[in-house]
$ cat coords-v1.txt   # compact mmCIF, C-alpha atoms
# COMPACT_ATOMS: atom_id res chain seq x y z
CA MET A 269 1.39 -38.40 4.21
CA ILE A 270 -1.23 -36.45 6.16
CA SER A 271 -2.94 -38.49 8.88
CA ALA A 272 -5.87 -37.19 10.88
CA HIS A 273 -6.89 -39.31 13.86
CA ASP A 274 -10.30 -38.85 15.43
CA ILE A 275 -10.27 -35.13 14.83
CA SER A 276 -13.28 -33.07 15.75
CA VAL A 277 -14.17 -29.39 16.04
CA ARG A 278 -16.85 -27.91 18.29
CA PHE A 279 -18.05 -24.35 18.68
CA GLY A 280 -19.67 -24.43 22.09
CA ASP A 281 -22.41 -27.03 21.90
CA VAL A 282 -22.39 -27.22 18.12
CA VAL A 283 -20.33 -29.92 16.43
CA ALA A 284 -18.74 -28.33 13.39
CA LEU A 285 -16.79 -31.46 12.49
CA PRO A 286 -17.74 -34.90 13.89
CA PRO A 287 -14.94 -37.32 14.88
CA THR A 288 -13.15 -38.05 11.63
CA THR A 289 -10.18 -40.20 10.66
CA LEU A 290 -8.51 -39.61 7.35
CA GLU A 291 -5.27 -40.50 5.58
CA LEU A 292 -3.97 -38.62 2.58
CA GLU A 293 -1.03 -40.05 0.69
CA PRO A 294 0.97 -37.67 -1.55
CA GLY A 295 -0.75 -37.16 -4.90
CA ALA A 296 -4.14 -38.40 -3.61
CA LYS A 297 -7.26 -36.88 -5.13
CA LEU A 298 -10.02 -36.96 -2.53
CA CYS A 299 -13.57 -35.69 -2.50
CA VAL A 300 -15.06 -34.88 0.90
CA ARG A 301 -18.76 -35.31 0.30
CA GLY A 302 -21.68 -34.38 2.48
CA PRO A 303 -24.72 -32.14 2.85
CA ASN A 304 -24.64 -28.55 4.09
CA GLY A 305 -23.40 -28.30 7.67
CA SER A 306 -21.73 -31.72 7.64
CA GLY A 307 -18.27 -30.23 8.35
CA LYS A 308 -16.67 -30.24 4.90
CA SER A 309 -15.41 -26.66 5.11
CA THR A 310 -14.23 -27.17 8.69
CA LEU A 311 -12.25 -30.25 7.68
CA LEU A 312 -10.57 -28.29 4.89
CA ARG A 313 -9.75 -25.46 7.30
CA VAL A 314 -8.21 -27.98 9.69
CA LEU A 315 -6.07 -29.45 6.90
CA ALA A 316 -5.04 -25.90 5.90
CA GLY A 317 -3.88 -25.23 9.48
CA LEU A 318 -6.46 -22.47 9.92
CA GLN A 319 -8.76 -24.21 12.39
CA PRO A 320 -7.68 -25.44 15.83
CA LEU A 321 -8.96 -28.87 16.81
CA SER A 322 -11.20 -29.62 19.76
CA GLU A 323 -10.04 -33.22 19.85
CA GLY A 324 -7.71 -35.56 17.97
CA ARG A 325 -4.49 -34.88 16.16
CA VAL A 326 -3.19 -34.39 12.64
CA GLU A 327 0.24 -35.59 11.61
CA GLY A 328 2.16 -34.46 8.57
CA LEU A 329 0.36 -31.13 8.13
CA VAL A 330 1.92 -29.20 5.30
CA ALA A 331 3.07 -25.63 5.99
CA ARG A 332 0.90 -22.76 4.80
CA GLY A 333 1.80 -21.72 1.31
CA HIS A 334 2.53 -25.34 0.46
CA CYS A 335 -1.03 -26.21 1.44
CA VAL A 336 -3.45 -23.67 -0.05
CA LEU A 337 -7.16 -23.44 0.66
CA VAL A 338 -9.61 -21.85 -1.77
CA HIS A 339 -12.58 -20.81 0.37
CA GLN A 340 -16.20 -21.47 -0.48
CA ARG A 341 -16.63 -17.71 -0.98
CA PRO A 342 -13.10 -16.81 -2.05
CA HIS A 343 -11.75 -13.36 -1.28
CA LEU A 344 -9.80 -11.55 -3.95
CA PHE A 345 -7.51 -8.75 -2.82
CA ARG A 346 -8.07 -5.20 -4.08
CA GLY A 347 -6.75 -4.67 -7.59
CA THR A 348 -6.98 -6.95 -10.59
CA PRO A 349 -6.94 -10.73 -11.14
CA ARG A 350 -3.41 -10.25 -12.50
CA SER A 351 -2.23 -8.51 -9.31
CA ASN A 352 -3.85 -11.26 -7.20
CA VAL A 353 -2.03 -14.04 -9.04
CA ALA A 354 1.18 -11.97 -9.04
CA TYR A 355 0.92 -11.74 -5.24
CA ALA A 356 0.86 -15.55 -4.97
CA LEU A 357 3.76 -15.80 -7.41
CA ARG A 358 5.80 -13.30 -5.36
CA LEU A 359 5.16 -15.36 -2.22
CA ALA A 360 6.36 -18.42 -4.13
CA GLY A 361 9.50 -16.53 -5.23
CA ARG A 362 8.52 -16.72 -8.87
CA PRO A 363 8.30 -13.99 -11.50
CA ALA A 364 5.05 -12.00 -11.52
CA ASN A 365 4.87 -12.09 -15.33
CA GLU A 366 3.67 -15.70 -15.16
CA ALA A 367 0.33 -14.43 -13.84
CA LEU A 368 -1.44 -14.25 -17.19
CA GLY A 369 -0.52 -17.87 -18.00
CA TRP A 370 -2.14 -19.11 -14.78
CA LEU A 371 -5.28 -17.09 -15.43
CA GLU A 372 -5.49 -18.48 -18.97
CA ARG A 373 -5.34 -22.04 -17.62
CA LEU A 374 -8.56 -21.30 -15.75
CA GLY A 375 -10.12 -19.57 -18.77
CA ALA A 376 -9.84 -16.21 -17.02
CA GLY A 377 -7.09 -14.59 -19.12
CA HIS A 378 -9.54 -12.03 -20.53
CA LEU A 379 -10.25 -10.83 -16.97
CA ALA A 380 -6.59 -10.18 -16.12
CA ASP A 381 -6.74 -6.41 -15.92
CA ARG A 382 -10.31 -5.84 -14.80
CA SER A 383 -11.06 -4.61 -11.30
CA VAL A 384 -11.91 -7.52 -9.00
CA ALA A 385 -14.82 -5.45 -7.67
CA GLY A 386 -16.66 -5.98 -10.97
CA LEU A 387 -16.20 -9.76 -11.22
CA SER A 388 -19.06 -12.23 -10.85
CA GLY A 389 -18.99 -15.02 -8.26
CA GLY A 390 -17.92 -17.61 -10.84
CA GLU A 391 -15.18 -15.34 -12.22
CA ARG A 392 -13.87 -14.68 -8.73
CA ARG A 393 -13.73 -18.41 -8.06
CA ARG A 394 -11.73 -19.06 -11.22
CA VAL A 395 -9.27 -16.29 -10.34
CA ALA A 396 -8.95 -17.60 -6.77
CA ILE A 397 -8.16 -21.11 -8.06
CA ALA A 398 -5.61 -19.69 -10.53
CA ARG A 399 -4.02 -17.75 -7.64
CA ALA A 400 -3.86 -20.89 -5.50
CA LEU A 401 -2.31 -22.95 -8.30
CA ALA A 402 0.20 -20.18 -9.06
CA ARG A 403 1.50 -20.53 -5.49
CA GLY A 404 2.66 -24.03 -6.51
CA PRO A 405 1.22 -25.91 -3.52
CA GLU A 406 1.85 -29.53 -2.58
CA VAL A 407 -1.70 -29.76 -1.26
CA LEU A 408 -4.65 -27.94 -2.81
CA LEU A 409 -7.92 -27.69 -0.88
CA LEU A 410 -10.97 -26.59 -2.88
CA ASP A 411 -14.16 -25.79 -0.99
CA GLU A 412 -17.17 -26.25 -3.28
CA PRO A 413 -15.20 -25.19 -6.38
CA PHE A 414 -18.14 -25.49 -8.78
CA ALA A 415 -20.58 -23.26 -6.90
CA GLY A 416 -21.68 -20.47 -9.21
CA LEU A 417 -19.61 -21.70 -12.15
CA ASP A 418 -21.00 -21.95 -15.68
CA GLU A 419 -20.18 -24.93 -17.92
CA PRO A 420 -16.93 -23.49 -19.39
CA GLY A 421 -15.87 -22.63 -15.83
CA ARG A 422 -16.56 -26.17 -14.62
CA ILE A 423 -14.59 -27.62 -17.53
CA ALA A 424 -11.65 -25.27 -16.85
CA VAL A 425 -11.61 -26.06 -13.11
CA CYS A 426 -11.91 -29.83 -13.79
CA ALA A 427 -9.02 -29.67 -16.26
CA ALA A 428 -6.86 -27.71 -13.81
CA ALA A 429 -7.68 -30.19 -11.02
CA GLU A 430 -6.85 -33.14 -13.28
CA HIS A 431 -3.49 -31.66 -14.25
CA PHE A 432 -2.61 -30.76 -10.67
CA ALA A 433 0.21 -33.09 -9.64
CA GLY A 434 -0.02 -32.63 -5.87
CA THR A 435 -2.56 -33.78 -3.30
CA LEU A 436 -6.06 -32.52 -4.02
CA VAL A 437 -8.97 -32.39 -1.57
CA VAL A 438 -12.30 -31.15 -2.87
CA ALA A 439 -15.28 -30.50 -0.61
CA ALA A 440 -18.61 -30.77 -2.42
CA PRO A 441 -22.17 -31.89 -1.73
CA ASP A 442 -21.87 -34.51 -4.49
CA LEU A 443 -19.26 -35.82 -6.94
CA ASP A 444 -20.72 -34.13 -10.02
CA GLY A 445 -17.79 -34.78 -12.36
CA ILE A 446 -15.02 -33.92 -9.91
CA PRO A 447 -11.83 -35.72 -11.03
CA VAL A 448 -11.03 -37.59 -7.80
CA THR A 449 -9.99 -41.13 -7.01
CA ARG A 450 -11.31 -41.40 -3.44
CA LEU A 451 -14.39 -40.42 -1.50
CA HIS A 452 -14.84 -39.48 2.13
CA ASP A 453 -18.43 -39.07 3.27
CA LEU A 454 -19.47 -36.79 6.11
CA GLY A 455 -23.03 -37.09 7.42
CA PRO A 456 -25.35 -34.45 8.85
CA HIS A 457 -24.54 -33.89 12.52
CA ALA A 458 -24.87 -30.24 13.47
CA GLN A 459 -26.83 -31.03 16.61
CA PRO A 460 -25.83 -30.17 20.21
CA ALA A 461 -23.03 -32.42 21.37
CA GLY A 462 -24.42 -33.15 24.84
CA MET B 33 -22.77 43.00 9.57
CA GLU B 34 -20.49 46.00 9.16
CA LEU B 35 -17.83 44.25 11.24
CA LEU B 36 -18.13 41.15 9.10
CA GLY B 37 -17.99 43.15 5.84
CA GLU B 38 -14.92 45.11 6.92
CA GLY B 39 -13.39 41.95 8.25
CA PHE B 40 -13.83 40.13 4.94
CA ALA B 41 -12.37 43.08 3.00
CA LYS B 42 -9.31 43.19 5.28
CA ALA B 43 -8.98 39.41 5.21
CA TRP B 44 -9.14 39.32 1.42
CA GLN B 45 -6.47 42.02 1.24
CA LEU B 46 -4.19 40.13 3.64
CA VAL B 47 -4.62 36.84 1.82
CA THR B 48 -4.17 38.22 -1.69
CA SER B 49 -1.18 40.35 -0.68
CA GLY B 50 0.45 37.27 0.90
CA ASP B 51 0.64 38.75 4.41
CA PRO B 52 3.83 37.22 5.90
CA VAL B 53 2.40 36.85 9.43
CA VAL B 54 -0.71 34.96 8.32
CA PHE B 55 1.16 32.78 5.82
CA HIS B 56 3.90 32.02 8.36
CA ALA B 57 1.18 30.86 10.76
CA LEU B 58 -0.19 28.65 7.97
CA GLY B 59 3.27 27.16 7.46
CA VAL B 60 3.67 26.47 11.19
CA SER B 61 0.21 24.87 11.33
CA LEU B 62 0.91 22.59 8.38
CA LEU B 63 4.42 21.69 9.57
CA CYS B 64 3.37 20.85 13.13
CA SER B 65 0.21 18.98 12.10
CA LEU B 66 1.96 16.90 9.42
CA CYS B 67 4.83 16.02 11.78
CA SER B 68 2.31 15.07 14.50
CA LEU B 69 0.34 12.93 12.06
CA ALA B 70 3.52 11.15 10.91
CA LEU B 71 4.70 10.52 14.48
CA ALA B 72 1.26 9.35 15.61
CA ALA B 73 0.95 7.09 12.55
CA VAL B 74 4.19 5.27 13.40
CA LEU B 75 2.60 4.13 16.69
CA ALA B 76 -1.14 4.26 16.06
CA VAL B 77 -1.33 2.30 12.79
CA PRO B 78 0.43 -0.86 14.06
CA TYR B 79 -1.32 -0.57 17.42
CA GLY B 80 -4.80 -0.11 15.92
CA ALA B 81 -4.16 -2.88 13.39
CA TRP B 82 -2.97 -5.23 16.13
CA LEU B 83 -6.11 -4.56 18.16
CA GLY B 84 -8.38 -5.01 15.15
CA LEU B 85 -6.73 -7.99 13.48
CA ALA B 86 -5.19 -10.03 16.30
CA ARG B 87 -8.07 -9.23 18.71
CA PRO B 88 -5.87 -9.85 21.76
CA ARG B 89 -7.23 -10.61 25.21
CA GLY B 90 -8.28 -7.33 26.82
CA ALA B 91 -8.80 -5.59 23.47
CA SER B 92 -12.03 -4.02 24.69
CA LEU B 93 -10.13 -2.32 27.54
CA HIS B 94 -7.66 -0.89 25.01
CA VAL B 95 -10.55 0.34 22.88
CA PHE B 96 -12.23 1.88 25.95
CA LEU B 97 -9.03 3.73 26.86
CA LEU B 98 -8.66 4.97 23.29
CA ARG B 99 -12.24 6.29 23.38
CA VAL B 100 -11.48 8.04 26.68
CA GLY B 101 -8.43 9.54 24.97
CA LEU B 102 -10.70 10.89 22.24
CA SER B 103 -12.72 12.90 24.70
CA ILE B 104 -9.81 14.61 26.46
CA PRO B 105 -9.97 18.36 25.71
CA THR B 106 -6.93 19.77 23.93
CA VAL B 107 -6.25 22.21 26.77
CA VAL B 108 -5.87 19.26 29.16
CA ILE B 109 -3.31 17.68 26.82
CA GLY B 110 -1.69 21.10 26.62
CA LEU B 111 -1.58 21.25 30.43
CA VAL B 112 0.10 17.83 30.67
CA VAL B 113 2.71 18.72 28.06
CA TYR B 114 3.15 22.09 29.81
CA ALA B 115 3.81 20.31 33.09
CA PHE B 116 6.56 18.27 31.45
CA PHE B 117 8.28 20.91 29.35
CA THR B 118 7.96 24.11 31.37
CA ARG B 119 11.28 25.26 32.88
CA ARG B 120 10.49 23.66 36.22
CA GLY B 121 8.98 20.57 34.59
CA LEU B 122 10.33 17.03 34.47
CA LEU B 123 11.74 17.56 30.97
CA GLY B 124 12.40 21.30 31.34
CA HIS B 125 16.13 20.75 30.78
CA LEU B 126 15.35 19.87 27.13
CA HIS B 127 14.36 23.52 26.53
CA LEU B 128 11.42 22.54 24.34
CA PHE B 129 8.90 24.85 25.97
CA HIS B 130 7.48 27.41 23.52
CA THR B 131 8.94 25.59 20.51
CA LYS B 132 7.34 23.90 17.52
CA ALA B 133 8.67 20.58 18.86
CA ALA B 134 6.51 20.98 21.97
CA ILE B 135 3.45 21.63 19.78
CA VAL B 136 4.28 18.51 17.76
CA ILE B 137 4.55 16.40 20.92
CA GLY B 138 1.23 17.70 22.22
CA GLN B 139 -0.54 17.24 18.90
CA THR B 140 0.90 13.72 18.61
CA LEU B 141 -0.75 12.90 21.94
CA LEU B 142 -3.96 14.37 20.55
CA ALA B 143 -3.70 12.47 17.25
CA PHE B 144 -2.77 9.04 18.64
CA PRO B 145 -6.10 7.93 20.14
CA LEU B 146 -8.09 9.22 17.17
CA LEU B 147 -5.89 7.55 14.56
CA ALA B 148 -5.56 4.30 16.54
CA SER B 149 -9.35 4.16 17.03
CA LEU B 150 -10.03 4.70 13.35
CA VAL B 151 -7.42 2.13 12.29
CA HIS B 152 -8.83 -0.33 14.82
CA GLY B 153 -12.35 0.23 13.50
CA ALA B 154 -11.27 -0.27 9.90
CA SER B 155 -9.23 -3.41 10.54
CA ALA B 156 -11.76 -4.98 12.95
CA SER B 157 -14.50 -4.65 10.33
CA LEU B 158 -12.46 -6.65 7.83
CA ASP B 159 -13.81 -10.14 7.06
CA PRO B 160 -11.46 -12.74 8.69
CA ILE B 161 -11.36 -14.50 5.32
CA VAL B 162 -9.01 -11.73 4.07
CA ALA B 163 -6.32 -12.65 6.60
CA GLU B 164 -6.95 -16.36 6.00
CA SER B 165 -6.55 -15.91 2.24
CA ALA B 166 -3.14 -14.28 2.74
CA ARG B 167 -2.07 -16.83 5.37
CA THR B 168 -3.04 -19.85 3.29
CA LEU B 169 -0.98 -18.47 0.42
CA GLY B 170 2.01 -18.45 2.77
CA ALA B 171 2.22 -14.80 3.86
CA THR B 172 4.04 -14.21 7.16
CA ARG B 173 2.20 -12.65 10.13
CA LEU B 174 3.60 -9.26 9.18
CA GLY B 175 2.82 -9.82 5.50
CA THR B 176 -0.74 -10.84 6.38
CA ALA B 177 -1.21 -7.69 8.48
CA ALA B 178 0.20 -5.55 5.65
CA ARG B 179 -2.15 -7.23 3.16
CA CYS B 180 -5.13 -6.63 5.47
CA LEU B 181 -4.22 -2.97 5.92
CA SER B 182 -3.83 -2.67 2.18
CA GLU B 183 -7.43 -3.91 1.83
CA VAL B 184 -8.66 -1.01 3.99
CA ARG B 185 -6.44 1.64 2.35
CA PRO B 186 -9.26 4.11 1.67
CA ALA B 187 -10.36 3.91 5.32
CA LEU B 188 -6.77 4.48 6.44
CA LEU B 189 -6.43 7.54 4.23
CA THR B 190 -9.74 8.88 5.55
CA ALA B 191 -8.45 8.29 9.10
CA ALA B 192 -5.22 10.16 8.31
CA LEU B 193 -7.17 13.12 6.90
CA ALA B 194 -9.50 13.25 9.90
CA THR B 195 -6.50 13.20 12.23
CA LEU B 196 -4.71 15.90 10.25
CA GLY B 197 -7.85 18.03 10.43
CA ARG B 198 -8.02 17.54 14.21
CA CYS B 199 -4.40 18.69 14.60
CA LEU B 200 -4.80 21.64 12.24
CA THR B 201 -7.86 22.98 14.05
CA GLU B 202 -6.81 22.55 17.68
CA VAL B 203 -5.82 25.66 19.61
CA GLY B 204 -5.32 24.59 23.25
CA ILE B 205 -1.99 22.83 22.76
CA ALA B 206 -0.65 25.38 20.28
CA VAL B 207 -1.22 28.26 22.69
CA MET B 208 -0.33 26.53 25.95
CA VAL B 209 2.94 24.85 24.98
CA GLY B 210 3.77 26.71 21.77
CA GLY B 211 3.25 30.13 23.25
CA ALA B 212 1.83 31.55 19.99
CA ILE B 213 5.05 33.52 19.40
CA LEU B 214 4.68 35.76 16.34
CA MET B 215 6.57 34.50 13.26
CA ASP B 216 7.83 31.57 15.29
CA THR B 217 5.39 29.18 17.01
CA ARG B 218 2.10 30.86 16.15
CA THR B 219 -0.28 28.53 14.35
CA LEU B 220 -3.32 29.67 12.35
CA THR B 221 -5.75 28.84 15.17
CA ALA B 222 -3.55 30.58 17.74
CA HIS B 223 -3.39 33.55 15.34
CA VAL B 224 -7.18 33.70 15.15
CA GLN B 225 -7.47 33.64 18.93
CA GLY B 226 -4.72 36.24 19.43
CA GLU B 227 -5.98 38.64 16.78
CA VAL B 228 -9.59 38.52 18.01
CA SER B 229 -8.46 39.34 21.53
CA ARG B 230 -6.50 42.31 20.07
CA GLY B 231 -9.59 43.42 18.18
CA SER B 232 -7.98 42.78 14.80
CA PHE B 233 -10.95 40.95 13.28
CA GLY B 234 -9.75 41.14 9.67
CA SER B 235 -6.46 39.41 10.36
CA ALA B 236 -8.26 36.73 12.38
CA LEU B 237 -10.72 36.23 9.53
CA ALA B 238 -7.84 35.96 7.03
CA ALA B 239 -6.39 33.12 9.10
CA GLY B 240 -9.84 31.56 9.26
CA LEU B 241 -10.16 31.75 5.48
CA LEU B 242 -6.78 30.07 5.08
CA LEU B 243 -7.87 27.32 7.48
CA LEU B 244 -10.95 26.84 5.33
CA ALA B 245 -8.78 26.77 2.21
CA VAL B 246 -6.90 23.84 3.76
CA ALA B 247 -9.97 22.14 5.26
CA VAL B 248 -12.12 22.10 2.10
CA PRO B 249 -9.63 20.16 -0.08
CA LEU B 250 -9.01 17.79 2.85
CA THR B 251 -12.76 17.16 3.11
CA LEU B 252 -13.04 16.60 -0.64
CA LEU B 253 -10.13 14.17 -0.53
CA GLY B 254 -11.77 12.37 2.39
CA MET B 255 -15.03 12.04 0.46
CA ARG B 256 -13.15 10.69 -2.53
CA PHE B 257 -11.48 8.03 -0.37
CA GLU B 258 -14.85 7.20 1.17
CA ARG B 259 -16.21 6.56 -2.32
CA GLY B 260 -13.22 4.31 -3.00
CA ARG B 261 -13.95 2.47 0.23
CA ARG B 262 -17.49 1.70 -0.82
CA ALA B 263 -16.45 0.64 -4.34
$ encode --input "coords-v1.txt" --output "structure tokens"
Amino acid sequence: MISAHDISVRFGDVVALPPTTLELEPGAKLCVRGPNGSGKSTLLRVLAGLQPLSEGRVEGLVARGHCVLVHQRPHLFRGTPRSNVAYALRLAGRPANEALGWLERLGAGHLADRSVAGLSGGERRRVAIARALARGPEVLLLDEPFAGLDEPGRIAVCAAAEHFAGTLVVAAPDLDGIPVTRLHDLGPHAQPAG
Amino acid sequence: MELLGEGFAKAWQLVTSGDPVVFHALGVSLLCSLCSLALAAVLAVPYGAWLGLARPRGASLHVFLLRVGLSIPTVVIGLVVYAFFTRRGLLGHLHLFHTKAAIVIGQTLLAFPLLASLVHGASASLDPIVAESARTLGATRLGTAARCLSEVRPALLTAALATLGRCLTEVGIAVMVGGAILMDTRTLTAHVQGEVSRGSFGSALAAGLLLLAVAVPLTLLGMRFERGRRA
């Protein structure tokens, strides 16, 4: 169980994440909803252990590798989609030859051996989600996973999210078909704290 | 023009006939410069990467000192190494004065700030999301740094080539601590300097041509890596 109590993040005078309380039981599927600048990405970074808190505390944070964040603009390492997924598999101590299977689950098998430099935004996102899933995380954090995706991409990501057995947190401006069971709304707030 | 024409003819003859003195100097230059690059890389790559990726407190002071190091003339580095390794120097008992080892030590001091600066520049320009992507997948600190450096591979190779070029073309250290001993510690640049002062323009030009023959492929390789960096 991950419990966040009155957590907030500030960058100088700007509130990046307003005071938030959140509980995540194992296997929960949560959508963090809110407009641009409401703190969705910051909350995901906090849960991923990548963002220090200004206030509050989080209990039960899962170690990196077991809690994987897919950024809003995911970065793929130099090489191919296959080598990216193989990297995650190596970190998980699993054989690299499973890479193609993970890419196929996201409908990106045909991209396996292309250079990542030539991939579109939607293709990169699918590969990044395949890489995150291949790591075998307990907690998967997806930051705006549908941005730039076409319909087959959305269907593939939805199916992968539905089949994911661990805890899933999706940050998105609206629900828009995301397979979640709970909602957490964040409002606009990016005004000076004073 | 006559001097240049005669010089080129003599140089061509020396190069095509495989003149042992000139080619030995080429071998010494390559050996010393490659050893210096390797030694400098062992220290400069982790140091530059640490400065660029971890951005520790006081990083700007480190960067300032590295930039100062870049502007130190090679003869000054040669003087410092001379002071240590000459017979009466602090490390004179090691008997390294007028040896290739002394040249390597001096050139390593020359190479370090350049290589560390270039590695710092490459790693500092990397989007923080690269390190975060590796960390969130469970990479260790060392693994994350290795992954980040792997992302800037072309820039690192360009940095290595620039540093190698700097070592190959310096003359102050090679003459001051190497002694430019014929068929022993004489590098190509020291050969050029020595032969010009003896009035043997052709031999100097032959060494210059060989330096060019090394520099041009290095430049082409550098440009190729630069293209890879932009891709």
$ closest_residue --input "coords-v1.txt" --among "B:Val113, B:Glu38, B:Ala86, B:Lys132" --to "Arg173 (chain B)" --atoms "all atoms listed in the file"
B:Ala86
$ closest_atom_pairs --input "coords-v1.txt" --of "chain A" --to "chain B" --cutoff "6 Å" --atoms "all atoms listed in the file" --output "Markdown table"
| residue | atom | partner | partner_atom | distance |
| --- | --- | --- | --- | --- |
| A:Arg332 | CA | B:Gly170 | CA | 4.9 |
| A:Gly333 | CA | B:Gly170 | CA | 3.6 |
| A:Val336 | CA | B:Thr168 | CA | 5.1 |
$ atom_distance --input "coords-v1.txt" --atom1 "CA of Gln225 (chain B)" --atom2 "CA of Val100 (chain B)"
27.0 Å
$ residues_near_point --input "coords-v1.txt" --point "(-7.7, -25.6, 0.7)" --cutoff "9 Å" --atoms "only C-alpha atoms" --output "PyMOL selection string"
(chain A and resi 309+312-313+315-316+335-339+400+407-411+436-438) or (chain B and resi 168)
$ residues_around --input "coords-v1.txt" --residues "Glu227 (chain B)" --least-positions-apart "4" --cutoff "6 Å" --atoms "all atoms listed in the file" --output "short mmCIF file (atom, residue, chain, number, x, y, z; two decimals) with C-alpha atoms, in the frame of the given file"
data_model
loop_
_atom_site.label_atom_id
_atom_site.label_comp_id
_atom_site.auth_asym_id
_atom_site.auth_seq_id
_atom_site.Cartn_x
_atom_site.Cartn_y
_atom_site.Cartn_z
CA HIS B 223 -3.39 33.55 15.34
CA SER B 232 -7.98 42.78 14.80
CA ALA B 236 -8.26 36.73 12.38
#
$ axis_aligned_box --input "coords-v1.txt" --around "region 177-194 of chain B" --padding-each-side "5 Å" --output "AutoDock Vina command-line options"
--center_x -5.1 --center_y 2.8 --center_z 5.8 --size_x 20.6 --size_y 30.9 --size_z 18.2
$ closest_residue --input "coords-v1.txt" --among "A:Val300, A:Gly324, A:Leu344, A:Ser351" --to "Val448 (chain A)" --atoms "all atoms listed in the file"
A:Val300
$ residues_near_point --input "coords-v1.txt" --point "(-4.9, 8.9, 8.2)" --cutoff "10 Å" --atoms "all atoms listed in the file" --output "PyMOL selection string"
chain B and resi 69-70+72-73+76-77+143+146-148+150-151+185-197+254
$ residues_around --input "coords-v1.txt" --residues "Gly101 (chain B)" --least-positions-apart "6" --cutoff "10 Å" --atoms "all atoms listed in the file" --output "number ranges by chain"
B: 95, 109, 141-146, 149
$ atom_distance --input "coords-v1.txt" --atom1 "CA of His152 (chain B)" --atom2 "CA of Leu83 (chain B)"
6.0 Å
